[in-house]
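Asker: Next up is a structure, given as structure tokens.
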Amino acid sequence: MSDKPNDLTYFEGKIVPTSEAKLSLQTHALQYGTSVFGGIRGYYNEEQKNLFVFRIRDHFQRLINSTKIMQLQTLRTPDELVDITLDLLKQCNYRQNVYIRPLVYTSALQLSPRFHDVPTQVGIYVIPLNDYLDTTNGLSTCVSSWRRIDDTTIPTMSKVSGGYVNSALAKSEAVQNGFDEAIFLDSRGLVSEGSAENIFLVRGGKIITPSLESSILEGITRRTIFALANHLGISYEERSISRSELYIADEIFFSGTGVQVAWVKSVDRRVIGDGKVGSVSKKLQDLYFNVVKGNEKSFMDWLTPIY
Ligand code: PMP
């Protein structure tokens, strides 16, 4: 087989050249943000000559849960979506790290924001992607002046496109003020998460992360971190975290499919720990990268090989 990748997209029930996957300006989802999406990574292992997709079934289960929360018509089961994606990836023939973006969107050319009584479509595209934020040098962050949307405003456990206006506001504010990333407080003023990643603090050797009641997305990488922490004998706790606790943490790191595991160097210009990568963050990050690349025998169940 040729080593050349093919730029293909799953669109309106078929795998087509990406250039043919086009939508009308009148599409309901484009006007109202009434779509839900996922983000999945595939890691190419050069030695094993294989592309490994990380926790694909869990990602599609969450996508279906997102549609359920929003009352979007669900056309496929998680297993059917997994099969479509594996077929798409085989045909794309990538020999590099990729990012997979599935989307369930209201596809009608109609007015009136609503979730009921509007047809949907599933689309899936794939792009080559390496690091999205720096995972080696430490990120400079700020607490956003924008609060995280509350679960009672827009359900935060659904990856609904409209909700990402909140992330875009925080991210732009942070970057325009010279920071790499923003940290949201929830409507109560407690730490919630980053613009597109969950947050962990390390205090006294233990990892601490906000609980679901802090209007976070329940990250699949967050869940992965819990399992990796167990494996390494590191204890973890889900609880409320106040803003000031950020400043006195020994270490802070973000987790997410896009960000992977990236450590935080500063928050609001206060240096975290000694400003270098902490030992707990480093251990978890190293193990994470070994696991996703298919170099850890005990975690191969999370990976789906493409070739
Ligand atoms: N929070 C938000 C708001 C996100 O967009 C993401 C990325 N999906 C995450 C957390 C991390 O989730 P996951 O680990 O499942 O990628």
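In the structure tokens, chains take letters A, B, ... by order of appearance, with residues numbered from 1 within each chain and ligands from 1 in the order shown.
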Which residues are close to Ala21 in chain A, i.e. within 10 Å by only C-alpha atoms, leaving aside same-chain residues fewer than 2 positions away? Reply as a PyMOL selection string.
Answerer: chain A and resi 8-12+14-19+23+123-125
Asker: Within 6 Å of ligand 1, counting only C-alpha atoms and all ligand atoms: which residues, as a count of residues only?
Answerer: 13
Asker: Please determine, counting only C-alpha atoms, which residue among A:Asn65, A:Thr224, A:Thr135, A:Ser242 has the shortest atom-to-atom distance to Val291 in chain A.
Answerer: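 Distance minimum relative to Val291 in chain A lands on A:Thr224.
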Asker: With only C-alpha atoms as the basis for distance, which of A:Gly278, A:Pro155, A:Pro305, A:Gly258 is at the shortest distance from Gly204 in chain A?
Answerer: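 Of A:Gly278, A:Pro155, A:Pro305, A:Gly258, the one nearest Gly204 in chain A, counting only C-alpha atoms, is A:Gly278.
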Asker: From the options A:Pro128, A:Gly138, A:Gly294, A:Gly233, which residue's atoms come nearest to Asp7 in chain A, counting only C-alpha atoms?
Answerer: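 The shortest atom-to-atom distance to Asp7 in chain A comes from A:Pro128.
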Asker: Which residues come within 6 Å of Arg41 in chain A, counting only C-alpha atoms, excluding same-chain residues fewer than 4 positions away, as a VMD selection string?
Answerer: chain A and resid 53 to 54 98 to 99
Asker: Output the selection as a PDB file, in the first residue's frame - C-alpha atoms for each residue.
Answerer:
ATOM      1  CA  VAL A  53      -6.561   5.506  18.618  1.00  0.00           C
ATOM      2  CA  PHE A  54      -6.958   6.365  22.286  1.00  0.00           C
ATOM      3  CA  VAL A  98      -3.906  12.608  14.084  1.00  0.00           C
ATOM      4  CA  TYR A  99      -6.862  14.328  15.683  1.00  0.00           C
TER       5      TYR A  99
END
Asker: Grab the CA of Ser211 in chain A to CA of Thr152 in chain A distance for me, in Å with one decimal place.
Answerer: 15.9 Å
Asker: What residues in range 64-288 of chain A get the DSSP label strand (DSSP E or B)? Please answer as an MDAnalysis selection string.
Answerer: chainID A and resid 98:106 120:128 139:143 160 181:185 190:194 198:203 206:209 236:238 242 251:256 260:267 270:271
Asker: Need to verify the contact set: Phe184 in chain A, 12 Å, only C-alpha atoms, exclusion of same-chain residues closer than 6 positions in sequence. Can you return it as number ranges by chain?
Answerer: A: 141-150, 166-171, 173-174, 190-199, 210, 214-216, 241-243, 246, 267
Asker: How would the residues just picked look written out with N, CA, C and O atoms as a short mmCIF file (atom, residue, chain, number, x, y, z; two decimals), in the first residue's frame?
Answerer:
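The resulting file, selection-v4.cif, is shown below:
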data_model
loop_
_atom_site.label_atom_id
_atom_site.label_comp_id
_atom_site.auth_asym_id
_atom_site.auth_seq_id
_atom_site.Cartn_x
_atom_site.Cartn_y
_atom_site.Cartn_z
N THR A 141 -0.42 30.96 32.86
CA THR A 141 -1.89 30.99 32.85
C THR A 141 -2.41 32.18 33.66
O THR A 141 -1.67 32.78 34.45
N CYS A 142 -3.68 32.48 33.46
CA CYS A 142 -4.33 33.51 34.27
C CYS A 142 -5.73 33.02 34.63
O CYS A 142 -6.30 32.18 33.93
N VAL A 143 -6.25 33.54 35.71
CA VAL A 143 -7.65 33.28 36.04
C VAL A 143 -8.46 34.21 35.15
O VAL A 143 -8.20 35.42 35.10
N SER A 144 -9.41 33.65 34.44
CA SER A 144 -10.18 34.43 33.47
C SER A 144 -11.14 35.39 34.16
O SER A 144 -11.66 35.09 35.24
N SER A 145 -11.38 36.51 33.51
CA SER A 145 -12.43 37.40 34.02
C SER A 145 -13.81 36.86 33.61
O SER A 145 -14.83 37.31 34.11
N TRP A 146 -13.81 35.87 32.70
CA TRP A 146 -15.07 35.23 32.30
C TRP A 146 -15.30 34.03 33.20
O TRP A 146 -14.40 33.21 33.38
N ARG A 147 -16.50 33.90 33.75
CA ARG A 147 -16.83 32.71 34.54
C ARG A 147 -17.21 31.55 33.61
O ARG A 147 -17.78 31.78 32.54
N ARG A 148 -16.92 30.33 34.05
CA ARG A 148 -17.32 29.14 33.32
C ARG A 148 -18.86 29.10 33.28
O ARG A 148 -19.50 29.35 34.31
N ILE A 149 -19.42 28.79 32.09
CA ILE A 149 -20.87 28.64 32.00
C ILE A 149 -21.33 27.66 33.08
O ILE A 149 -20.65 26.67 33.36
N ASP A 150 -22.47 27.95 33.66
CA ASP A 150 -22.98 27.09 34.72
C ASP A 150 -23.79 25.96 34.09
O ASP A 150 -24.44 26.15 33.06
N ASN A 166 -17.94 30.50 25.31
CA ASN A 166 -17.37 30.76 26.63
C ASN A 166 -15.85 30.49 26.63
O ASN A 166 -15.05 31.32 27.09
N SER A 167 -15.45 29.36 26.06
CA SER A 167 -14.03 29.01 25.97
C SER A 167 -13.27 30.00 25.10
O SER A 167 -12.16 30.41 25.42
N ALA A 168 -13.89 30.39 23.98
CA ALA A 168 -13.24 31.31 23.03
C ALA A 168 -12.99 32.66 23.69
O ALA A 168 -11.92 33.27 23.52
N LEU A 169 -13.95 33.14 24.47
CA LEU A 169 -13.78 34.43 25.15
C LEU A 169 -12.60 34.36 26.13
O LEU A 169 -11.75 35.26 26.17
N ALA A 170 -12.54 33.28 26.90
CA ALA A 170 -11.48 33.15 27.92
C ALA A 170 -10.12 32.97 27.26
O ALA A 170 -9.12 33.56 27.70
N LYS A 171 -10.08 32.16 26.21
CA LYS A 171 -8.80 31.88 25.54
C LYS A 171 -8.25 33.17 24.91
O LYS A 171 -7.07 33.50 25.07
N GLU A 173 -8.91 36.29 25.64
CA GLU A 173 -8.51 37.25 26.69
C GLU A 173 -7.13 36.87 27.23
O GLU A 173 -6.25 37.72 27.37
N ALA A 174 -6.94 35.58 27.51
CA ALA A 174 -5.66 35.12 28.07
C ALA A 174 -4.51 35.38 27.11
O ALA A 174 -3.49 35.96 27.48
N LEU A 190 -15.41 29.22 42.46
CA LEU A 190 -14.46 28.14 42.72
C LEU A 190 -13.81 27.70 41.41
O LEU A 190 -14.40 27.88 40.33
N VAL A 191 -12.61 27.11 41.51
CA VAL A 191 -11.88 26.71 40.30
C VAL A 191 -12.68 25.67 39.53
O VAL A 191 -13.20 24.71 40.11
N SER A 192 -12.78 25.87 38.21
CA SER A 192 -13.53 24.93 37.38
C SER A 192 -12.58 24.15 36.46
O SER A 192 -12.25 23.00 36.73
N GLU A 193 -12.09 24.79 35.40
CA GLU A 193 -11.21 24.09 34.44
C GLU A 193 -10.57 25.11 33.51
O GLU A 193 -10.81 26.31 33.64
N GLY A 194 -9.76 24.64 32.57
CA GLY A 194 -9.17 25.51 31.56
C GLY A 194 -10.17 25.75 30.43
O GLY A 194 -11.31 25.28 30.50
N SER A 195 -9.74 26.45 29.37
CA SER A 195 -10.69 26.76 28.30
C SER A 195 -11.11 25.49 27.55
O SER A 195 -12.21 25.42 27.01
N ALA A 196 -10.24 24.48 27.50
CA ALA A 196 -10.59 23.22 26.83
C ALA A 196 -9.84 22.05 27.47
O ALA A 196 -9.40 21.14 26.79
N GLU A 197 -9.68 22.14 28.81
CA GLU A 197 -8.94 21.07 29.50
C GLU A 197 -9.31 21.08 30.98
O GLU A 197 -9.70 22.11 31.51
N ASN A 198 -9.18 19.94 31.61
CA ASN A 198 -9.39 19.85 33.06
C ASN A 198 -8.11 20.24 33.78
O ASN A 198 -7.03 20.23 33.20
N ILE A 199 -8.27 20.61 35.05
CA ILE A 199 -7.10 21.08 35.81
C ILE A 199 -6.87 20.21 37.05
O ILE A 199 -7.83 19.74 37.67
N PRO A 210 -11.11 19.63 40.58
CA PRO A 210 -12.49 20.01 40.89
C PRO A 210 -13.46 18.87 40.60
O PRO A 210 -13.29 18.13 39.63
N SER A 214 -18.45 21.51 39.80
CA SER A 214 -17.83 22.78 39.41
C SER A 214 -18.02 23.10 37.92
O SER A 214 -17.21 23.79 37.32
N SER A 215 -19.10 22.56 37.35
CA SER A 215 -19.47 22.85 35.94
C SER A 215 -18.37 22.50 34.95
O SER A 215 -18.13 23.22 33.98
N ILE A 216 -17.68 21.40 35.20
CA ILE A 216 -16.60 20.98 34.29
C ILE A 216 -17.15 20.01 33.24
O ILE A 216 -18.23 19.45 33.40
N ILE A 241 -12.07 23.67 44.88
CA ILE A 241 -10.75 24.31 44.99
C ILE A 241 -10.96 25.82 44.90
O ILE A 241 -11.63 26.31 43.98
N SER A 242 -10.40 26.55 45.85
CA SER A 242 -10.56 28.01 45.81
C SER A 242 -9.44 28.62 44.98
O SER A 242 -8.39 28.00 44.76
N ARG A 243 -9.65 29.86 44.53
CA ARG A 243 -8.66 30.53 43.69
C ARG A 243 -7.30 30.61 44.38
O ARG A 243 -6.26 30.35 43.77
N LEU A 246 -4.81 27.79 44.16
CA LEU A 246 -4.00 27.67 42.93
C LEU A 246 -2.59 28.20 43.18
O LEU A 246 -1.59 27.61 42.77
N VAL A 267 0.48 31.08 37.54
CA VAL A 267 -0.93 31.50 37.51
C VAL A 267 -0.96 32.95 37.97
O VAL A 267 -0.45 33.27 39.07
#
Asker: Pick out the residues sitting within 7 Å of range 101-105 of chain A, and hand them over as a list in words; count only C-alpha atoms, and ignore anything fewer than 3 positions along from it in its own chain.
Answerer: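 Surrounding residues, per the criterion: Ala29, Thr34, Ser35, Val36, Phe37, Gly38, Gly39, Ile40, Thr120, Gln121, Val122, Gly123, Ile124, Tyr125 and Val126 of chain A.
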Asker: Could you write out, as a PyMOL selection string, all the residues of range 113-301 of chain A that DSSP marks as helix (DSSP H, G or I)?
Answerer: chain A and resi 161-176+212-214+220-232+243-247+279-292+297-301
Asker: For Leu25 in chain A, find every residue with an atom within 12 Å (counting only C-alpha atoms), except residues of its own chain fewer than 2 positions away, and show them as an MDAnalysis selection string.
Answerer: chainID A and resid 22:23 27:32 107:111
Asker: Could you save the residues just selected, with C-alpha atoms, as a PDB file, in the first residue's frame?
Answerer:
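File produced: result.pdb:
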ATOM      1  CA  LYS A  22     -19.518  21.332   2.418  1.00  0.00           C
ATOM      2  CA  LEU A  23     -22.532  22.780   4.240  1.00  0.00           C
ATOM      3  CA  THR A  27     -27.482  25.205   8.271  1.00  0.00           C
ATOM      4  CA  HIS A  28     -29.312  25.327  11.611  1.00  0.00           C
ATOM      5  CA  ALA A  29     -26.244  24.311  13.659  1.00  0.00           C
ATOM      6  CA  LEU A  30     -24.106  27.071  12.171  1.00  0.00           C
ATOM      7  CA  GLN A  31     -26.612  29.719  13.199  1.00  0.00           C
ATOM      8  CA  TYR A  32     -27.326  28.494  16.729  1.00  0.00           C
ATOM      9  CA  SER A 107     -28.537  19.854   9.474  1.00  0.00           C
ATOM     10  CA  ALA A 108     -31.852  21.392   8.373  1.00  0.00           C
ATOM     11  CA  LEU A 109     -31.909  24.705   6.520  1.00  0.00           C
ATOM     12  CA  GLN A 110     -34.297  26.148   9.050  1.00  0.00           C
ATOM     13  CA  LEU A 111     -34.802  29.066  11.404  1.00  0.00           C
TER      14      LEU A 111
END
Asker: If you measure from CA of Val202 in chain A to CA of Ser240 in chain A, what distance in Å do you get, rounded to one decimal?
Answerer: 13.9 Å
Asker: Between A:Asp250, A:Cys92, A:Ile64, A:Asp151, which residue has the minimum interatomic distance to Glu213 in chain A, considering only C-alpha atoms?
Answerer: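 That would be A:Asp151, the residue with the smallest distance to Glu213 in chain A.
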Asker: Could you give me, as CSV, every range 87-117 of chain A residue with an atom at most 12 Å from range 46-49 of chain A, plus its closest atom pair and distance in Å to one decimal, counting only C-alpha atoms, rows ordered by chain then number?
Answerer:
residue,atom,partner,partner_atom,distance
A:Asn93,CA,A:Lys49,CA,11.7
A:Tyr94,CA,A:Lys49,CA,10.8
A:Arg95,CA,A:Lys49,CA,7.8
A:Gln96,CA,A:Glu46,CA,8.5
A:Asn97,CA,A:Glu46,CA,10.3
Asker: Those same residues - all heavy atoms - I'd like them written as a short mmCIF file (atom, residue, chain, number, x, y, z; two decimals), in the first residue's frame.
Answerer:
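What landed in part.cif:
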data_model
loop_
_atom_site.label_atom_id
_atom_site.label_comp_id
_atom_site.auth_asym_id
_atom_site.auth_seq_id
_atom_site.Cartn_x
_atom_site.Cartn_y
_atom_site.Cartn_z
N ASN A 93 -5.24 6.52 5.78
CA ASN A 93 -3.87 6.01 5.68
C ASN A 93 -2.80 6.94 6.25
O ASN A 93 -1.72 7.08 5.69
CB ASN A 93 -3.57 5.68 4.19
CG ASN A 93 -2.33 4.85 4.03
OD1 ASN A 93 -2.03 4.00 4.87
ND2 ASN A 93 -1.57 5.09 2.97
N TYR A 94 -3.11 7.60 7.37
CA TYR A 94 -2.12 8.49 7.99
C TYR A 94 -1.02 7.69 8.69
O TYR A 94 -1.29 6.70 9.36
CB TYR A 94 -2.79 9.42 9.02
CG TYR A 94 -3.49 10.59 8.38
CD1 TYR A 94 -4.88 10.67 8.37
CD2 TYR A 94 -2.76 11.61 7.78
CE1 TYR A 94 -5.53 11.74 7.77
CE2 TYR A 94 -3.41 12.68 7.17
CZ TYR A 94 -4.78 12.74 7.18
OH TYR A 94 -5.42 13.81 6.59
N ARG A 95 0.22 8.13 8.53
CA ARG A 95 1.38 7.54 9.23
C ARG A 95 1.97 8.61 10.13
O ARG A 95 3.16 8.89 10.10
CB ARG A 95 2.43 7.04 8.23
CG ARG A 95 1.88 6.16 7.14
CD ARG A 95 1.74 4.70 7.58
NE ARG A 95 0.76 4.02 6.72
CZ ARG A 95 0.55 2.71 6.76
NH1 ARG A 95 1.20 1.94 7.58
NH2 ARG A 95 -0.36 2.17 5.97
N GLN A 96 1.12 9.32 10.84
CA GLN A 96 1.53 10.40 11.74
C GLN A 96 0.43 10.57 12.79
O GLN A 96 -0.64 9.97 12.66
CB GLN A 96 1.74 11.69 10.96
CG GLN A 96 0.51 12.15 10.19
CD GLN A 96 0.82 13.20 9.15
OE1 GLN A 96 1.38 14.23 9.45
NE2 GLN A 96 0.45 12.94 7.91
N ASN A 97 0.68 11.41 13.80
CA ASN A 97 -0.33 11.64 14.84
C ASN A 97 -1.52 12.38 14.24
O ASN A 97 -1.34 13.30 13.44
CB ASN A 97 0.25 12.48 15.98
CG ASN A 97 1.39 11.77 16.69
OD1 ASN A 97 1.50 10.54 16.63
ND2 ASN A 97 2.24 12.53 17.34
#
Asker: Using only C-alpha atoms, which residue out of A:Val160, A:Ile272, A:Ile100, A:Ile56 lies closest to Leu129 in chain A?
Answerer: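 The answer is A:Ile100, which sits nearest to Leu129 in chain A.
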Asker: For range 83-86 of chain A, find every residue with an atom within 8 Å (counting only C-alpha atoms), except residues of its own chain fewer than 2 positions away, and show them as a list in words.
Answerer: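 After dropping sequence-adjacent residues, the list is Tyr10, Asp79, Glu80, Leu81, Leu88, Leu89, Lys90, Ile124 and Ile306 of chain A.
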